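What follows is the content of work.cif (mmCIF, C-alpha atoms).
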```cif
data_coords
#
loop_
_atom_site.label_atom_id
_atom_site.label_comp_id
_atom_site.auth_asym_id
_atom_site.auth_seq_id
_atom_site.Cartn_x
_atom_site.Cartn_y
_atom_site.Cartn_z
CA MET A 223 0.00 0.00 0.00
CA LEU A 224 1.05 3.58 -0.64
CA THR A 225 0.88 6.21 2.07
CA PRO A 226 -1.48 9.19 1.60
CA ALA A 227 1.56 11.42 1.15
CA LEU A 228 2.83 9.33 -1.76
CA GLU A 229 -0.65 9.10 -3.24
CA HIS A 230 -0.73 12.90 -3.25
CA ARG A 231 2.69 13.08 -4.90
CA LEU A 232 1.56 10.64 -7.56
CA ALA A 233 -1.44 12.80 -8.37
CA LEU A 234 0.85 15.82 -8.73
CA VAL A 235 3.20 13.89 -11.02
CA LEU A 236 0.32 12.80 -13.24
CA ASP A 237 -1.01 16.37 -13.41
CA ARG A 238 2.43 17.64 -14.39
CA PHE A 239 2.85 14.91 -17.01
CA GLU A 240 -0.45 15.86 -18.64
CA ALA A 241 0.50 19.55 -18.56
CA VAL A 242 3.86 18.81 -20.22
CA GLU A 243 2.15 16.73 -22.93
CA ALA A 244 -0.25 19.56 -23.64
CA ARG A 245 2.53 22.13 -23.76
CA MET A 246 4.69 20.04 -26.10
CA GLY A 247 2.11 20.42 -28.83
CA ALA A 248 2.23 24.21 -28.61
CA ALA A 249 5.91 24.92 -27.89
CA ALA A 250 7.87 26.60 -30.69
CA ASP A 251 11.15 27.52 -29.01
CA GLY A 252 13.84 24.90 -29.63
CA ALA A 253 15.30 25.06 -26.12
CA GLU A 254 11.85 24.72 -24.56
CA ILE A 255 11.03 21.74 -26.78
CA VAL A 256 14.23 19.98 -25.68
CA ARG A 257 13.51 20.73 -22.01
CA LEU A 258 9.90 19.54 -22.30
CA ALA A 259 10.95 16.36 -24.14
CA ARG A 260 13.45 15.56 -21.40
CA GLU A 261 10.88 16.15 -18.65
CA HIS A 262 8.27 14.15 -20.56
CA ALA A 263 10.64 11.18 -20.79
CA GLU A 264 11.36 11.37 -17.04
CA LEU A 265 7.66 11.55 -16.09
CA SER A 266 6.39 9.05 -18.65
CA ALA A 267 7.42 5.92 -16.75
CA VAL A 268 5.74 7.13 -13.55
CA ALA A 269 2.59 8.12 -15.42
CA GLN A 270 2.36 4.68 -17.00
CA LEU A 271 2.75 3.03 -13.60
CA VAL A 272 0.04 5.26 -12.10
CA ARG A 273 -2.37 4.28 -14.87
CA ALA A 274 -1.47 0.61 -14.48
CA LEU A 275 -2.10 0.91 -10.72
CA ASP A 276 -5.52 2.49 -11.33
CA ALA A 277 -6.40 -0.35 -13.73
CA ALA A 278 -5.29 -3.00 -11.21
CA ARG A 279 -7.35 -1.35 -8.48
CA ARG A 280 -10.43 -1.32 -10.71
CA ASP A 281 -9.88 -4.98 -11.50
CA ALA A 282 -9.61 -5.75 -7.78
CA GLU A 283 -12.87 -3.91 -7.06
CA SER A 284 -14.65 -5.72 -9.90
CA ALA A 285 -13.41 -9.09 -8.69
CA GLU A 286 -14.48 -8.25 -5.14
CA ALA A 287 -17.96 -7.31 -6.31
CA LEU A 288 -18.23 -10.47 -8.42
CA PHE A 289 -17.18 -12.58 -5.44
CA ALA A 290 -19.91 -10.98 -3.28
CA GLU A 291 -22.59 -11.48 -5.96
CA ALA A 292 -21.69 -15.15 -6.50
CA VAL A 293 -22.80 -16.33 -3.07
CA GLY A 294 -23.74 -19.99 -3.34
CA ASP A 295 -21.87 -20.50 -6.61
CA SER A 296 -18.55 -21.98 -5.52
CA GLY A 297 -17.21 -22.19 -9.08
CA MET A 298 -17.85 -18.52 -9.81
CA GLN A 299 -16.54 -17.47 -6.42
CA GLY A 300 -13.37 -19.45 -7.08
CA LEU A 301 -12.80 -17.63 -10.37
CA ALA A 302 -13.50 -14.28 -8.70
CA ALA A 303 -11.08 -15.09 -5.90
CA GLU A 304 -8.35 -15.89 -8.41
CA GLU A 305 -8.96 -12.62 -10.27
CA ARG A 306 -8.96 -10.71 -6.98
CA GLN A 307 -5.65 -12.26 -5.91
CA ASP A 308 -4.09 -11.56 -9.32
CA ALA A 309 -5.16 -7.91 -9.09
CA ARG A 310 -3.82 -7.59 -5.54
CA THR A 311 -0.48 -9.07 -6.62
CA ARG A 312 -0.28 -6.54 -9.46
CA ILE A 313 -1.15 -3.71 -7.06
CA ALA A 314 1.63 -4.73 -4.68
CA GLY A 315 4.19 -4.99 -7.49
CA ILE A 316 3.26 -1.68 -9.10
CA SER A 317 3.18 0.07 -5.71
CA ALA A 318 6.73 -1.11 -5.03
CA GLN A 319 7.87 0.24 -8.40
CA LEU A 320 6.16 3.56 -7.72
CA ARG A 321 7.81 3.94 -4.32
CA LEU A 322 11.20 3.60 -6.01
CA ALA A 323 10.19 5.89 -8.88
CA LEU A 324 9.31 8.64 -6.40
CA VAL A 325 12.58 8.44 -4.50
CA PRO A 326 14.29 11.86 -4.79
CA LYS A 327 16.95 11.58 -7.49
CA ASP A 328 20.25 13.29 -8.06
CA LYS A 329 19.56 15.69 -10.91
CA ASP A 330 22.91 14.67 -12.44
CA ASP A 331 22.07 10.96 -12.65
CA ASN A 332 21.65 11.12 -16.43
CA ALA A 333 24.84 13.13 -16.93
CA ASN A 334 28.01 11.83 -18.54
CA ALA A 335 30.96 11.57 -16.19
CA MET A 336 34.63 12.33 -15.85
CA LEU A 337 36.44 9.40 -14.27
CA GLU A 338 39.70 10.21 -12.48
CA ILE A 339 41.99 7.47 -11.17
CA ARG A 340 45.18 8.09 -9.19
CA ALA A 341 47.71 5.74 -7.67
CA GLY A 342 47.78 6.02 -3.88
CA THR A 343 49.84 4.25 -1.24
CA GLY A 344 52.02 1.45 -2.55
CA GLY A 345 54.48 2.83 -5.10
CA GLU A 346 54.71 0.98 -8.42
CA GLU A 347 52.23 -1.67 -7.29
CA ALA A 348 49.65 1.08 -6.64
CA ALA A 349 50.29 2.41 -10.14
CA LEU A 350 49.81 -1.07 -11.62
CA PHE A 351 46.54 -1.46 -9.70
CA ALA A 352 45.37 1.97 -10.90
CA GLY A 353 45.97 0.73 -14.43
CA ASP A 354 43.91 -2.38 -13.67
CA LEU A 355 41.05 -0.22 -12.42
CA LEU A 356 41.19 1.91 -15.56
CA ARG A 357 40.90 -1.20 -17.72
CA MET A 358 38.08 -2.56 -15.52
CA TYR A 359 36.01 0.59 -16.00
CA GLY A 360 36.78 0.63 -19.72
CA ARG A 361 35.46 -2.93 -20.05
CA TYR A 362 32.44 -2.12 -17.89
CA ALA A 363 31.62 0.86 -20.11
CA ALA A 364 31.93 -1.29 -23.22
CA ALA A 365 29.58 -3.91 -21.74
CA ARG A 366 26.96 -1.22 -21.11
CA GLY A 367 27.37 0.33 -24.54
CA TRP A 368 28.93 3.53 -23.19
CA ARG A 369 31.68 5.53 -24.84
CA PHE A 370 34.96 5.52 -22.92
CA GLU A 371 37.50 8.10 -24.06
CA LEU A 372 40.86 8.83 -22.43
CA VAL A 373 41.60 12.49 -21.82
CA GLY A 374 45.02 12.10 -20.27
CA VAL A 375 47.26 9.40 -18.81
CA ASN A 376 50.46 9.72 -16.80
CA ASP A 377 52.19 6.35 -17.10
CA SER A 378 54.46 4.81 -14.49
CA ASP A 379 57.82 3.20 -15.25
CA LEU A 380 56.56 -0.40 -15.06
CA GLY A 381 53.42 -0.07 -17.17
CA GLY A 382 50.95 1.19 -14.58
CA ILE A 383 49.47 4.68 -14.31
CA ARG A 384 50.12 7.44 -11.82
CA GLU A 385 47.02 9.30 -12.94
CA ALA A 386 44.37 8.94 -15.66
CA VAL A 387 41.30 10.89 -16.68
CA ALA A 388 38.60 9.45 -18.94
CA GLU A 389 35.30 10.79 -20.24
CA VAL A 390 32.46 8.26 -20.01
CA SER A 391 29.29 9.05 -21.95
CA GLY A 392 26.03 7.19 -22.38
CA GLU A 393 22.67 6.53 -20.75
CA GLY A 394 22.69 6.87 -16.96
CA VAL A 395 26.48 6.97 -16.62
CA PHE A 396 26.74 9.09 -13.48
CA ALA A 397 23.82 7.29 -11.79
CA ARG A 398 25.87 4.08 -11.76
CA LEU A 399 29.48 5.23 -11.58
CA LYS A 400 28.98 7.77 -8.77
CA PHE A 401 29.17 4.93 -6.25
CA GLU A 402 32.74 4.20 -7.38
CA SER A 403 34.18 7.38 -5.85
CA GLY A 404 36.56 6.51 -3.05
CA VAL A 405 39.68 4.58 -2.12
CA HIS A 406 40.04 1.12 -3.65
CA ARG A 407 42.44 -1.22 -1.87
CA VAL A 408 44.19 -4.21 -3.42
CA GLN A 409 45.82 -7.19 -1.68
CA ARG A 410 48.01 -9.35 -3.90
CA VAL A 411 51.55 -10.46 -4.66
CA PRO A 412 53.03 -7.60 -6.72
CA GLU A 413 54.80 -8.25 -10.00
CA THR A 414 57.72 -6.41 -8.44
CA GLU A 415 57.87 -8.79 -5.42
CA ALA A 416 60.25 -11.72 -5.82
CA GLY A 417 59.52 -13.25 -2.41
CA GLY A 418 55.86 -14.01 -3.07
CA ARG A 419 54.56 -11.90 -0.17
CA VAL A 420 51.10 -10.34 -0.32
CA HIS A 421 51.21 -6.53 -0.32
CA THR A 422 48.46 -3.98 0.22
CA SER A 423 48.21 -0.94 -2.04
CA ALA A 424 45.56 1.63 -2.89
CA ALA A 425 44.25 3.82 -5.67
CA THR A 426 41.67 6.60 -5.57
CA VAL A 427 38.71 6.96 -7.90
CA ALA A 428 36.72 10.17 -8.34
CA VAL A 429 33.62 10.34 -10.55
CA LEU A 430 32.46 13.83 -11.52
CA PRO A 431 29.23 14.61 -13.37
CA GLU A 432 29.80 16.41 -16.65
CA PRO A 433 27.57 19.49 -16.64
CA GLU A 434 25.80 21.17 -19.50
CA GLU A 435 27.78 24.18 -20.75
CA VAL A 436 25.09 26.57 -19.55
CA GLU A 437 25.51 25.29 -15.97
CA VAL A 438 29.13 26.41 -15.65
CA GLU A 439 30.30 29.75 -16.98
CA ILE A 440 34.07 30.12 -17.32
CA ASN A 441 35.54 33.51 -18.16
CA ASP A 442 38.44 33.54 -20.59
CA LYS A 443 40.40 35.81 -18.27
CA ASP A 444 40.25 33.14 -15.55
CA ILE A 445 41.93 30.51 -17.72
CA ARG A 446 45.61 30.10 -18.57
CA ILE A 447 46.53 27.58 -21.26
CA ASP A 448 50.04 26.21 -21.73
CA THR A 449 51.11 23.79 -24.44
CA MET A 450 53.80 21.16 -23.95
CA ARG A 451 55.02 17.86 -25.25
CA ALA A 452 52.91 14.89 -24.26
CA SER A 453 54.43 12.43 -21.81
CA GLY A 454 54.12 8.72 -22.32
CA ALA A 455 55.80 5.63 -23.64
CA GLY A 456 57.52 7.47 -26.47
CA GLY A 457 57.07 7.60 -30.22
CA GLN A 458 57.32 10.26 -32.89
CA HIS A 459 54.14 12.10 -31.88
CA VAL A 460 55.04 12.17 -28.20
CA ASN A 461 58.60 13.32 -28.74
CA LYS A 462 58.25 15.96 -31.44
CA THR A 463 54.93 17.79 -31.12
CA ASP A 464 53.69 20.24 -28.50
CA SER A 465 50.17 18.81 -28.56
CA ALA A 466 49.51 18.41 -24.84
CA VAL A 467 47.50 21.14 -23.12
CA ARG A 468 47.73 22.23 -19.50
CA MET A 469 44.76 24.36 -18.47
CA THR A 470 44.78 26.31 -15.19
CA HIS A 471 41.74 27.94 -13.61
CA LEU A 472 43.35 30.91 -11.89
CA PRO A 473 40.70 31.66 -9.23
CA THR A 474 40.68 28.09 -7.86
CA GLY A 475 44.10 26.81 -8.93
CA ILE A 476 42.53 23.73 -10.57
CA VAL A 477 44.86 22.28 -13.22
CA VAL A 478 43.81 19.96 -16.05
CA ILE A 479 46.14 18.22 -18.52
CA ALA A 480 44.93 16.66 -21.78
CA GLN A 481 47.43 14.94 -24.07
CA GLU A 482 45.75 12.12 -25.99
CA LYS A 483 44.83 13.97 -29.20
CA SER A 484 45.67 17.00 -31.32
CA GLN A 485 46.20 20.33 -29.59
CA HIS A 486 42.77 21.59 -30.70
CA GLN A 487 41.04 18.45 -29.44
CA ASN A 488 43.02 18.48 -26.22
CA ARG A 489 41.88 22.06 -25.54
CA ALA A 490 38.26 20.97 -25.92
CA GLN A 491 38.77 17.92 -23.71
CA ALA A 492 40.58 19.92 -21.05
CA MET A 493 37.70 22.41 -20.96
CA LYS A 494 35.24 19.53 -20.44
CA VAL A 495 37.24 18.25 -17.49
CA MET A 496 37.60 21.78 -16.10
CA ARG A 497 33.84 22.32 -16.28
CA ALA A 498 33.25 19.02 -14.49
CA ARG A 499 35.68 19.86 -11.69
CA LEU A 500 34.26 23.36 -11.20
CA TYR A 501 30.72 22.00 -11.29
CA ASP A 502 31.62 19.36 -8.71
CA LEU A 503 33.08 22.13 -6.56
CA GLU A 504 29.76 23.97 -6.73
CA ARG A 505 27.85 20.78 -5.93
CA ASP A 506 29.95 20.40 -2.81
CA LYS A 507 29.23 23.96 -1.75
CA ARG A 508 25.48 23.51 -2.28
CA ASP A 509 25.31 20.17 -0.52
CA ALA A 510 27.32 19.99 2.69
CA ALA A 511 26.29 16.39 3.29
CA ARG A 512 27.61 15.29 -0.07
CA ALA A 513 30.83 17.22 0.51
CA ALA A 514 31.42 15.40 3.79
CA GLU A 515 30.60 12.07 2.16
CA ARG A 516 33.01 12.63 -0.70
CA LYS A 517 35.85 13.62 1.63
CA GLY A 518 35.28 10.42 3.54
CA GLN A 519 35.26 8.36 0.36
CA VAL A 520 38.11 9.83 -1.62
CA GLY A 521 40.41 10.74 1.23
CA GLY A 522 44.10 10.94 0.57
CA GLY A 523 44.85 7.56 -0.92
CA ASP A 524 45.91 5.95 2.35
CA ARG A 525 45.37 2.20 2.73
CA SER A 526 43.10 2.65 5.76
CA GLU A 527 40.61 4.92 3.96
CA ARG A 528 38.85 2.37 1.81
CA ILE A 529 35.46 1.70 0.30
CA ARG A 530 36.38 -1.58 -1.40
CA THR A 531 39.05 -4.27 -1.14
CA TYR A 532 40.16 -6.54 -3.99
CA ASN A 533 41.83 -9.62 -2.49
CA PHE A 534 43.49 -11.56 -5.31
CA PRO A 535 44.80 -14.61 -3.33
CA GLN A 536 41.22 -15.39 -2.22
CA GLY A 537 39.50 -14.18 -5.39
CA ARG A 538 37.39 -11.93 -3.17
CA VAL A 539 36.00 -8.40 -3.56
CA THR A 540 34.42 -6.66 -0.58
CA ASP A 541 32.53 -3.38 -0.54
CA HIS A 542 32.87 -2.12 3.01
CA ARG A 543 30.03 0.42 2.83
CA ILE A 544 27.34 -2.26 2.60
CA GLY A 545 29.24 -5.32 3.86
CA LEU A 546 28.98 -7.08 0.50
CA THR A 547 31.52 -9.81 -0.30
CA LEU A 548 31.69 -11.63 -3.63
CA TYR A 549 34.08 -14.43 -4.62
CA ASN A 550 34.25 -13.65 -8.32
CA LEU A 551 37.08 -11.13 -8.39
CA PRO A 552 38.39 -12.14 -11.86
CA GLU A 553 34.93 -11.57 -13.36
CA VAL A 554 34.61 -8.19 -11.59
CA MET A 555 38.00 -7.07 -12.94
CA GLU A 556 36.83 -8.08 -16.43
CA GLY A 557 34.15 -5.40 -16.10
CA PRO A 558 30.59 -6.72 -16.54
CA ALA A 559 30.38 -8.45 -13.12
CA LEU A 560 31.02 -5.06 -11.51
CA ASP A 561 27.27 -4.59 -11.98
CA GLN A 562 26.67 -7.01 -9.09
CA VAL A 563 28.39 -4.57 -6.73
CA ILE A 564 26.85 -1.46 -8.25
CA GLU A 565 23.31 -2.91 -8.22
CA ALA A 566 23.68 -3.71 -4.51
CA LEU A 567 24.88 -0.16 -3.82
CA ILE A 568 21.94 1.28 -5.78
CA ARG A 569 19.47 -0.84 -3.79
CA GLU A 570 21.05 0.29 -0.51
CA ASP A 571 20.89 3.91 -1.63
CA GLN A 572 17.24 3.57 -2.64
CA ALA A 573 16.37 1.94 0.69
CA GLY A 574 17.98 4.82 2.55
CA ARG A 575 16.10 7.38 0.50
CA LEU A 576 12.80 5.54 1.04
CA ALA A 577 13.44 5.37 4.78
CA ALA A 578 14.04 9.13 4.78
CA LEU A 579 10.58 9.53 3.22
CA GLY A 580 9.05 7.36 5.92
CA GLU A 581 8.44 4.50 3.48
CA ASP A 582 9.15 0.81 3.99
CA PRO A 583 11.93 -0.18 1.52
CA ALA A 584 10.28 -3.59 1.15
#
```
Could you spell out this file's structure in C-alpha cells?
Amino acid sequence: MLTPALEHRLALVLDRFEAVEARMGAAADGAEIVRLAREHAELSAVAQLVRALDAARRDAESAEALFAEAVGDSGMQGLAAEERQDARTRIAGISAQLRLALVPKDKDDNANAMLEIRAGTGGEEAALFAGDLLRMYGRYAAARGWRFELVGVNDSDLGGIREAVAEVSGEGVFARLKFESGVHRVQRVPETEAGGRVHTSAATVAVLPEPEEVEVEINDKDIRIDTMRASGAGGQHVNKTDSAVRMTHLPTGIVVIAQEKSQHQNRAQAMKVMRARLYDLERDKRDAARAAERKGQVGGGDRSERIRTYNFPQGRVTDHRIGLTLYNLPEVMEGPALDQVIEALIREDQAGRLAALGEDPA
C-alpha cells in the first residue's frame, strides 16, 4: 500500500505529465522543446505506472464485487477469488515500483561523467593497480554500450598509471558510476615482489558529473593555457609535437592536462574536465552532506581509507560500505560483473532514500 503522502505526490506527477504533454504540442522555441521532451521522458514511466495501478485497483474492485454477488456459486466465487488475488499481486508490485520511482533523485544521474583514477599508497604496485582499475572501468563501459575516451594518462615506469582521466558518456552513466568514488584497496603479490609476499596498495577513484555548458560559466580571463610535449611511452608524436594542453583555472588553482589527441582536441577535452571539476566544486558547496561524504570516500589515498578491497589470493572483492563480499574477483576485474556490486549499492541507496521519506523499503 502507498501512504497518503505518496498518493498525493503521484497525483501531482500525473497532473504535471499531462500539462507537459499539452505544452509540447504548442511549444515553438527549440530550447523549450528539448527541455519539455526531457521532462516528458522522465515523467512518462511514472505516469504509465500510475495508470497501471488504477487499472489494477479497478480490476480488484470488480473481482471483489463479483465474489460478493456469486454467493452460493462456488465455481464462480473461485474464479472471482483468483482474479482478486491476481489484481492484488499486481497492485503490490506496481506500488513497489512507484515507491522507487518517487525516490528523490540526483539531478545529475543522467549526466556523462569524468572518471579520475590516481595511484595512492604502494608505489609501483599502486600504479599497476590503478591501471587495472582503468581497464576494468573501460570494459564495464563497453559492456553497457557507453563511450569511454581517455583524456590524459600519466604512465608509471613499469606499465601502470600514476594518474588517468577518462570521459564516459552514455545513458545513466553518473547514476551508476557515482558509487565508485573513493579509495580502492588491493591485496596481492606484486609483480615487483620476488619473495611471493602479499602486499596492500591503494588507488583513488573520483567520478564527476559532466555538466551542460550553460551550468558552468568560465571567463576567458580566468583561464591560462600552456602547451607542452605529451608524456608517455615514447614515439614520434610524443617526442616531437607540443600537442599536450595544460589548463589552469586561476581563481581556484585547478589544473587539467589533456594529451591524448591533437592540440585543438586536447583544448576541448581539457575544458570539459575543467567544467566538471568546477561543477563538482559547486555541488559540494550547495550540498554539505555530499561534501562530507566525498571527503570520507576519496580521502588521501591511504590504505586505511577504503570503500572496497580486492583480495586476489582469495578471489574476493568486498565493498565495506554495505558489507557485501563476492568471490568472483576475476569476473569483476573483467568489467561486466562489476554490476553485481553497483546494483547492490543502488538498492542500498534507494532503501535509505525511502526510509528518509518514511516509506518501507520492502
Spatial neighbours of A:Ala287, max dist 10 Å, all atoms listed in the file, sep filter under 6 positions, as a short mmCIF file (atom, residue, chain, number, x, y, z; two decimals) with C-alpha atoms, in the frame of the given file:
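File produced: out_21.cif:
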```
data_model
loop_
_atom_site.label_atom_id
_atom_site.label_comp_id
_atom_site.auth_asym_id
_atom_site.auth_seq_id
_atom_site.Cartn_x
_atom_site.Cartn_y
_atom_site.Cartn_z
CA ASP A 281 -9.88 -4.98 -11.50
CA ALA A 302 -13.50 -14.28 -8.70
CA ARG A 306 -8.96 -10.71 -6.98
#
```
For stretch 431-434 of chain A: contacts at 7 Å, only C-alpha atoms, fewer than 6 positions along chain excluded, given as number ranges by chain: A: 330, 333-336, 396, 497-498, 501
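Note that atom CA of A:Asp571 and atom CA of A:Asp237 are 27.8 Å apart.
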Residues matched by the PyMOL selection byres ((chain A and resi 239) around 8) as number ranges by chain: A: 235-238, 240-243, 262, 265-266, 269
Residues within 10 Å of A:Ile447, only C-alpha atoms, excluding chain neighbours under 2 positions, as a PDB file with C-alpha atoms, in the frame of the given file:
```pdb
ATOM      1  CA  ILE A 445      41.930  30.510 -17.720  1.00  0.00           C
ATOM      2  CA  THR A 449      51.110  23.790 -24.440  1.00  0.00           C
ATOM      3  CA  VAL A 467      47.500  21.140 -23.120  1.00  0.00           C
ATOM      4  CA  ARG A 468      47.730  22.230 -19.500  1.00  0.00           C
ATOM      5  CA  MET A 469      44.760  24.360 -18.470  1.00  0.00           C
ATOM      6  CA  THR A 470      44.780  26.310 -15.190  1.00  0.00           C
ATOM      7  CA  HIS A 471      41.740  27.940 -13.610  1.00  0.00           C
ATOM      8  CA  VAL A 477      44.860  22.280 -13.220  1.00  0.00           C
ATOM      9  CA  VAL A 478      43.810  19.960 -16.050  1.00  0.00           C
ATOM     10  CA  ILE A 479      46.140  18.220 -18.520  1.00  0.00           C
ATOM     11  CA  ARG A 489      41.880  22.060 -25.540  1.00  0.00           C
ATOM     12  CA  ALA A 492      40.580  19.920 -21.050  1.00  0.00           C
TER      13      ALA A 492
END
```
Within 10 Å of A:Ile313 using only C-alpha atoms, minus same-chain residues under 2 positions, as JSON, numbers by chain: {"A": [223, 224, 274, 275, 276, 277, 278, 279, 281, 282, 307, 308, 309, 310, 311, 315, 316, 317, 318, 319]}
